[in-house]
file query_34.txt (compact mmCIF, C-alpha atoms and all ligand atoms)
# COMPACT_ATOMS: atom_id res chain seq x y z
CA MET A 1240 24.12 -10.06 -17.32
CA ALA A 1241 22.04 -10.91 -14.34
CA ILE A 1242 18.48 -10.65 -13.13
CA GLU A 1243 17.57 -7.29 -11.66
CA VAL A 1244 15.33 -7.43 -8.61
CA ARG A 1245 13.39 -4.45 -7.27
CA ILE A 1246 13.03 -4.52 -3.51
CA PRO A 1247 10.11 -2.90 -1.63
CA THR A 1248 11.04 -0.18 0.89
CA ILE A 1249 10.68 -2.26 4.04
CA LEU A 1250 12.82 -5.15 2.72
CA ARG A 1251 15.70 -2.81 1.88
CA THR A 1252 16.85 -3.40 5.45
CA HIS A 1253 18.13 -6.69 3.99
CA THR A 1254 19.88 -5.07 1.02
CA GLY A 1255 21.85 -2.30 2.69
CA GLY A 1256 19.20 0.21 1.61
CA ASN A 1257 19.48 -0.66 -2.09
CA LYS A 1258 16.34 -0.35 -4.22
CA THR A 1259 17.55 -2.95 -6.67
CA VAL A 1260 19.86 -5.92 -6.35
CA GLU A 1261 21.07 -8.53 -8.81
CA GLY A 1262 20.82 -12.28 -8.66
CA SER A 1263 20.79 -15.41 -10.76
CA GLY A 1264 18.88 -18.67 -11.11
CA ASP A 1265 16.71 -20.60 -13.55
CA THR A 1266 13.53 -20.31 -11.51
CA LEU A 1267 12.12 -17.77 -9.09
CA ALA A 1268 12.82 -20.20 -6.23
CA ALA A 1269 16.49 -20.48 -7.25
CA LEU A 1270 16.74 -16.73 -7.66
CA ILE A 1271 15.36 -16.19 -4.14
CA ASP A 1272 17.87 -18.71 -2.75
CA ASP A 1273 20.67 -16.84 -4.50
CA LEU A 1274 19.42 -13.50 -3.17
CA ASP A 1275 19.14 -14.92 0.33
CA SER A 1276 22.78 -16.05 0.23
CA LYS A 1277 23.80 -12.42 -0.31
CA HIS A 1278 21.01 -10.66 1.58
CA SER A 1279 20.30 -12.83 4.55
CA GLY A 1280 16.71 -13.02 5.74
CA LEU A 1281 15.09 -12.08 2.44
CA LYS A 1282 13.80 -15.59 1.72
CA ASN A 1283 12.00 -15.74 5.07
CA ARG A 1284 10.05 -12.64 4.16
CA LEU A 1285 8.92 -14.00 0.79
CA VAL A 1286 8.45 -17.73 1.22
CA THR A 1287 6.35 -19.42 3.90
CA GLU A 1288 7.44 -22.38 6.02
CA GLU A 1289 5.40 -24.58 3.68
CA GLY A 1290 7.58 -23.42 0.81
CA LYS A 1291 4.94 -21.28 -0.88
CA LEU A 1292 5.13 -17.68 -1.92
CA HIS A 1293 3.66 -15.54 0.87
CA ARG A 1294 0.09 -14.59 0.00
CA PHE A 1295 0.53 -10.95 1.01
CA VAL A 1296 3.45 -10.50 -1.38
CA ASN A 1297 3.21 -9.92 -5.13
CA VAL A 1298 6.14 -10.92 -7.35
CA TYR A 1299 6.39 -10.01 -11.01
CA VAL A 1300 8.76 -11.28 -13.69
CA ASN A 1301 8.89 -8.40 -16.13
CA ASP A 1302 5.18 -7.48 -16.30
CA GLU A 1303 3.71 -10.84 -15.28
CA ASP A 1304 2.41 -11.62 -11.81
CA VAL A 1305 4.01 -14.99 -11.03
CA ARG A 1306 0.72 -16.26 -9.58
CA PHE A 1307 -0.31 -16.78 -13.19
CA THR A 1308 2.98 -18.26 -14.39
CA GLY A 1309 3.81 -20.99 -11.87
CA ALA A 1310 4.65 -19.05 -8.71
CA LEU A 1311 8.07 -20.12 -7.37
CA ASP A 1312 8.53 -22.46 -10.36
CA THR A 1313 8.33 -19.53 -12.79
CA GLN A 1314 11.27 -19.62 -15.21
CA VAL A 1315 13.64 -16.65 -15.10
CA LYS A 1316 16.68 -15.73 -17.16
CA ASP A 1317 19.43 -13.16 -17.42
CA GLY A 1318 18.06 -9.79 -18.43
CA ASP A 1319 14.70 -10.33 -16.71
CA SER A 1320 13.46 -7.76 -14.27
CA VAL A 1321 11.80 -9.04 -11.10
CA THR A 1322 9.67 -6.77 -8.89
CA ILE A 1323 8.58 -7.58 -5.35
CA LEU A 1324 5.64 -5.61 -3.91
CA PRO A 1325 3.28 -5.75 -0.96
CA ALA A 1326 -0.22 -6.87 -1.98
CA VAL A 1327 -2.69 -4.10 -1.16
CA ALA A 1328 -6.11 -5.33 -0.15
CA GLY A 1329 -8.49 -5.62 2.77
CA GLY A 1330 -12.13 -5.59 3.67
CA CYS A 1331 -14.55 -4.63 6.39
CA MET B 98 0.12 11.84 13.64
CA LEU B 99 -1.14 12.25 10.10
CA ARG B 100 -0.92 15.82 8.81
CA ILE B 101 -2.97 16.19 5.66
CA ALA B 102 -4.09 19.08 3.47
CA ARG B 103 -7.80 19.90 3.36
CA ALA B 104 -7.88 19.30 -0.41
CA THR B 105 -6.37 15.83 0.03
CA TYR B 106 -8.82 14.98 2.80
CA ASP B 107 -11.70 16.19 0.63
CA ALA B 108 -10.52 14.14 -2.36
CA ILE B 109 -10.42 10.93 -0.30
CA VAL B 110 -13.87 11.57 1.17
CA ALA B 111 -15.28 12.41 -2.27
CA HIS B 112 -13.88 9.17 -3.69
CA ALA B 113 -15.42 7.16 -0.85
CA ARG B 114 -18.80 8.82 -1.37
CA GLU B 115 -18.65 8.27 -5.11
CA ASP B 116 -17.99 4.53 -4.85
CA HIS B 117 -20.47 3.86 -2.04
CA PRO B 118 -21.82 1.18 -1.47
CA ASP B 119 -18.65 -0.44 -2.83
CA GLU B 120 -15.39 0.11 -0.99
CA ALA B 121 -13.15 2.78 -2.47
CA CYS B 122 -9.35 2.58 -2.26
CA GLY B 123 -6.22 4.44 -3.20
CA VAL B 124 -2.96 5.91 -1.98
CA VAL B 125 -1.57 9.33 -1.23
CA ALA B 126 1.97 9.56 -2.52
CA GLY B 127 4.70 11.74 -1.09
CA PRO B 128 8.47 12.09 -1.32
CA GLU B 129 10.08 8.78 -0.38
CA GLY B 130 11.12 8.62 3.25
CA THR B 131 8.87 11.51 4.28
CA ASN B 132 5.54 11.69 6.08
CA ARG B 133 4.08 14.16 3.57
CA PRO B 134 0.96 12.93 1.78
CA GLU B 135 0.87 15.17 -1.30
CA ARG B 136 -0.62 13.44 -4.34
CA VAL B 137 -3.88 11.49 -4.23
CA VAL B 138 -3.92 8.46 -6.51
CA PRO B 139 -7.40 6.89 -6.56
CA MET B 140 -7.20 3.21 -7.45
CA LEU B 141 -9.82 0.92 -8.90
CA ASN B 142 -11.20 -1.59 -6.43
CA ALA B 143 -10.66 -4.72 -8.50
CA ALA B 144 -13.07 -6.59 -6.22
CA ARG B 145 -15.86 -4.00 -6.82
CA SER B 146 -17.33 -5.13 -3.53
CA PRO B 147 -19.06 -3.59 -0.51
CA THR B 148 -17.02 -5.84 1.79
CA PHE B 149 -13.60 -6.19 0.17
CA TYR B 150 -11.07 -4.12 -1.73
CA GLU B 151 -7.97 -4.95 -3.65
CA PHE B 152 -5.66 -3.19 -6.05
CA ASP B 153 -5.59 -5.02 -9.35
CA THR B 154 -2.22 -6.74 -9.67
CA ALA B 155 -1.26 -4.98 -12.92
CA ASP B 156 -2.41 -1.60 -11.52
CA LEU B 157 -0.30 -2.23 -8.43
CA LEU B 158 2.82 -2.80 -10.55
CA ARG B 159 2.14 0.33 -12.61
CA LEU B 160 1.53 2.39 -9.48
CA TYR B 161 4.77 1.35 -7.79
CA ARG B 162 6.83 1.86 -10.96
CA ASP B 163 5.38 5.33 -11.23
CA LEU B 164 6.12 6.07 -7.56
CA ASP B 165 9.66 4.79 -8.05
CA ASP B 166 10.20 7.02 -11.10
CA ARG B 167 9.07 10.03 -9.07
CA ASP B 168 11.12 9.09 -5.98
CA GLU B 169 7.85 8.78 -4.08
CA TRP B 170 6.26 6.18 -1.86
CA ALA B 171 2.77 5.53 -0.59
CA VAL B 172 2.59 7.70 2.54
CA VAL B 173 -1.09 6.82 2.95
CA VAL B 174 -3.08 3.78 1.85
CA TYR B 175 -6.78 4.53 2.17
CA HIS B 176 -10.01 2.60 1.77
CA SER B 177 -13.61 2.93 2.80
CA HIS B 178 -15.99 0.86 4.85
CA THR B 179 -19.51 1.36 3.63
CA ALA B 180 -21.56 -0.38 6.33
CA THR B 181 -19.22 -0.55 9.32
CA GLU B 182 -17.08 1.81 11.37
CA ALA B 183 -13.78 3.25 10.16
CA TYR B 184 -11.65 0.71 12.01
CA PRO B 185 -9.28 -1.85 10.43
CA SER B 186 -10.79 -5.30 9.99
CA ARG B 187 -8.92 -8.56 10.52
CA THR B 188 -8.33 -8.73 6.77
CA ASP B 189 -7.03 -5.15 6.71
CA ILE B 190 -4.66 -5.95 9.57
CA GLY B 191 -3.49 -9.15 7.85
CA TYR B 192 -2.49 -7.40 4.65
CA ALA B 193 -1.00 -4.41 6.46
CA SER B 194 1.15 -6.80 8.52
CA GLY B 195 2.38 -8.66 5.45
CA PRO B 196 6.14 -9.17 5.09
CA ALA B 197 6.54 -6.61 2.30
CA ALA B 198 4.12 -4.00 3.71
CA ASP B 199 5.93 -0.96 5.07
CA PRO B 200 5.00 -0.31 8.74
CA ARG B 201 5.63 3.40 8.16
CA THR B 202 2.45 3.52 6.05
CA HIS B 203 -0.50 5.51 7.40
CA TYR B 204 -3.70 3.51 6.90
CA VAL B 205 -6.66 5.82 6.46
CA LEU B 206 -10.13 4.35 6.94
CA VAL B 207 -13.20 6.25 5.85
CA SER B 208 -16.70 5.13 6.71
CA THR B 209 -19.59 6.20 4.51
CA ARG B 210 -22.21 4.27 6.49
CA HIS B 211 -23.86 7.52 7.62
CA HIS B 212 -23.24 9.70 4.63
CA GLY B 213 -26.22 11.59 3.35
CA PRO B 214 -26.35 11.69 -0.46
CA ARG B 215 -26.67 7.94 -0.95
CA THR B 216 -28.33 6.88 2.27
CA GLY B 217 -30.89 9.68 2.39
CA LEU B 218 -30.09 10.20 6.08
CA ALA B 219 -30.62 13.70 7.37
CA ASP B 220 -27.34 13.78 9.27
CA ASP B 221 -24.56 13.48 6.77
CA GLU B 222 -21.42 12.17 8.36
CA VAL B 223 -18.28 10.53 7.03
CA GLU B 224 -15.78 9.16 9.53
CA PHE B 225 -12.11 9.70 8.66
CA ARG B 226 -9.54 7.99 10.87
CA SER B 227 -5.88 7.03 10.54
CA TYR B 228 -3.87 4.12 11.93
CA ARG B 229 -0.45 2.56 12.07
CA ILE B 230 -0.50 -1.20 11.77
CA VAL B 231 2.62 -3.08 12.80
CA ASP B 232 2.83 -6.85 13.20
CA GLY B 233 -0.89 -7.15 13.80
CA GLU B 234 -0.99 -4.28 16.31
CA VAL B 235 -3.29 -1.38 15.45
CA SER B 236 -2.71 2.08 16.88
CA GLU B 237 -4.91 4.97 15.97
CA GLU B 238 -3.22 8.30 15.37
CA GLU B 239 -4.36 11.90 15.39
CA VAL B 240 -5.33 13.45 12.06
CA GLU B 241 -4.47 17.10 11.61
CA ILE B 242 -6.20 18.72 8.65
CA VAL B 243 -4.26 21.69 7.38
CA GLU B 244 -6.23 24.28 5.46
CA THR B 245 -4.92 24.09 1.94
CA HIS B 246 -3.98 27.77 1.58
CA LEU B 247 -1.68 27.39 4.60
CA PHE B 248 -0.14 24.10 3.58
CA GLY B 249 2.33 25.57 1.10
CA HIS B 250 3.75 27.83 3.81
CA SER B 251 4.46 25.07 6.29
CA PRO B 252 8.06 23.97 6.69
CA THR B 253 8.63 21.16 4.24
CA THR B 254 11.44 19.55 6.17
CA VAL B 255 9.40 18.70 9.25
CA VAL B 256 8.99 14.96 9.72
CA TYR B 257 6.46 13.77 12.25
CA ASP B 258 7.12 10.41 13.83
ZN ZN A 1401 -11.21 -2.45 5.72

call {"tool": "encode", "arguments": {"input": "query_34.txt", "output": "C-alpha cells"}}
result
Amino acid sequence: MAIEVRIPTILRTHTGGNKTVEGSGDTLAALIDDLDSKHSGLKNRLVTEEGKLHRFVNVYVNDEDVRFTGALDTQVKDGDSVTILPAVAGGC
Amino acid sequence: MLRIARATYDAIVAHAREDHPDEACGVVAGPEGTNRPERVVPMLNAARSPTFYEFDTADLLRLYRDLDDRDEWAVVVYHSHTATEAYPSRTDIGYASGPAADPRTHYVLVSTRHHGPRTGLADDEVEFRSYRIVDGEVSEEEVEIVETHLFGHSPTTVVYD
C-alpha cells in the first residue's frame, strides 16, 4: 500500500508523463519530500521558499482541501488519495 | 489561435450575460492533449462578485475528476469582466501563471460592460477575446468562430499551435 497522488497535466513533465504516482509519508510535507526524491523538481512547484503551500495550488487528501486540515501538516496514510490541482480564480 | 464552434461561443456569452453584473466563469472541455473546445461546463462563481471569480474548491475537485474520467482537460478557462475590458487583470495573470496551471490553456475573457439587456444601452456589444498566459506574459490570439453546422465536418485530427 502507498499513497496515490494525482498530478496535474503541466506537472507530469516531472513524472515521465504519468497521471498518478505513488509515495509515502506521515504528513503532506513528508509525502512531497518523498515524491521530490523520485520526481525531481516537484517540490519546488508546490511549496514556496518560505515553506508554505503555493497559494495558486490546491491539494486535496481524499475529498478534503488541505487548507482546512492543516496544509502541509495534514496527516496522510497508506491508502489515501491525494490530488493536486491548479486553483482557478481571477478578477478584473 | 482558438477555433471554437458558434454554439460554444454563444453558450459562453449567454452565461456571461446571465450572471452580469457578477463575473461568470467556467471551462470548455476537450479531449486531453488537443486544442478542441467541445463541452461547455459553466461553473459557479463562489465569490459571487462583480470584481472577482473563483471556482469553489470542492467544485474544482469534482470538475477535474470528471475531466479525468472522460480523458478530457480544460481546453478553455473563461470568465467575464462586467465593468472593464476583456483583458486579463493582474490577478488573472497571477493565477494563470501558477505552478500547476497549464500554459496550454486558452483563457477566454468576455466583457459585458456594454451589453444591452441589463445595461439598457442601445448598442448591445459583448467583447470576446482569447489569450495565452505563460509565466506572467500575456499574448492575445485570434478567435475563429466556426458555424456549428460545419464544425462536425472539420478534420478532427488538426491541432493548432
Ligand atoms: Zn479577470

call {"tool": "closest_atom_pairs", "arguments": {"input": "query_34.txt", "of": "chain A", "to": "ligand ZN 1401 (chain A)", "cutoff": "7 Å", "atoms": "all atoms listed in the file", "output": "Markdown table"}}
result
| residue | atom | partner | partner_atom | distance |
| --- | --- | --- | --- | --- |
| A:Gly1329 | CA | A:ZN1401 | ZN | 5.1 |
| A:Gly1330 | CA | A:ZN1401 | ZN | 3.9 |
| A:Cys1331 | CA | A:ZN1401 | ZN | 4.0 |

call {"tool": "write_last_selection", "arguments": {"input": "query_34.txt", "atoms": "C-alpha atoms", "output": "mmCIF file, keeping the file's coordinate frame"}}
result
data_model
loop_
_atom_site.group_PDB
_atom_site.id
_atom_site.type_symbol
_atom_site.label_atom_id
_atom_site.label_comp_id
_atom_site.auth_asym_id
_atom_site.auth_seq_id
_atom_site.Cartn_x
_atom_site.Cartn_y
_atom_site.Cartn_z
ATOM 1 C CA GLY A 1329 -8.490 -5.620 2.770
ATOM 2 C CA GLY A 1330 -12.130 -5.590 3.670
ATOM 3 C CA CYS A 1331 -14.550 -4.630 6.390
#

call {"tool": "closest_atom_pairs", "arguments": {"input": "query_34.txt", "of": "chain B", "to": "chain A", "cutoff": "7 Å", "atoms": "only C-alpha atoms", "output": "tab-separated table"}}
result
residue	atom	partner	partner_atom	distance
B:Thr148	CA	A:Gly1330	CA	5.2
B:Phe149	CA	A:Gly1330	CA	3.8
B:Tyr150	CA	A:Ala1328	CA	5.3
B:Glu151	CA	A:Ala1328	CA	4.0
B:Phe152	CA	A:Val1327	CA	5.8
B:His178	CA	A:Cys1331	CA	5.9
B:Thr181	CA	A:Cys1331	CA	6.9
B:Ser186	CA	A:Cys1331	CA	5.2
B:Thr188	CA	A:Gly1329	CA	5.1
B:Asp189	CA	A:Gly1329	CA	4.2
B:Tyr192	CA	A:Phe1295	CA	5.9
B:Gly195	CA	A:Phe1295	CA	5.3
B:Pro196	CA	A:Arg1284	CA	5.3
B:Ala197	CA	A:Pro1325	CA	4.7
B:Ala198	CA	A:Pro1325	CA	5.1
B:Asp199	CA	A:Ile1249	CA	5.0

call {"tool": "atom_distance", "arguments": {"input": "query_34.txt", "atom1": "atom CA of Gly1280 of chain A", "atom2": "atom CA of Tyr204 of chain B"}}
result
26.3 Å

call {"tool": "atom_distance", "arguments": {"input": "query_34.txt", "atom1": "atom CA of Thr209 of chain B", "atom2": "atom CA of Pro118 of chain B"}}
result
8.1 Å

call {"tool": "axis_aligned_box", "arguments": {"input": "query_34.txt", "around": "segment 1303-1318 of chain A", "padding_each_side": "8 Å", "output": "AutoDock Vina command-line options"}}
result
--center_x 9.6 --center_y -16.1 --center_z -12.9 --size_x 35.7 --size_y 28.7 --size_z 27.1

call {"tool": "atom_distance", "arguments": {"input": "query_34.txt", "atom1": "atom CA of His203 of chain B", "atom2": "atom CA of Val1260 of chain A"}}
result
27.1 Å
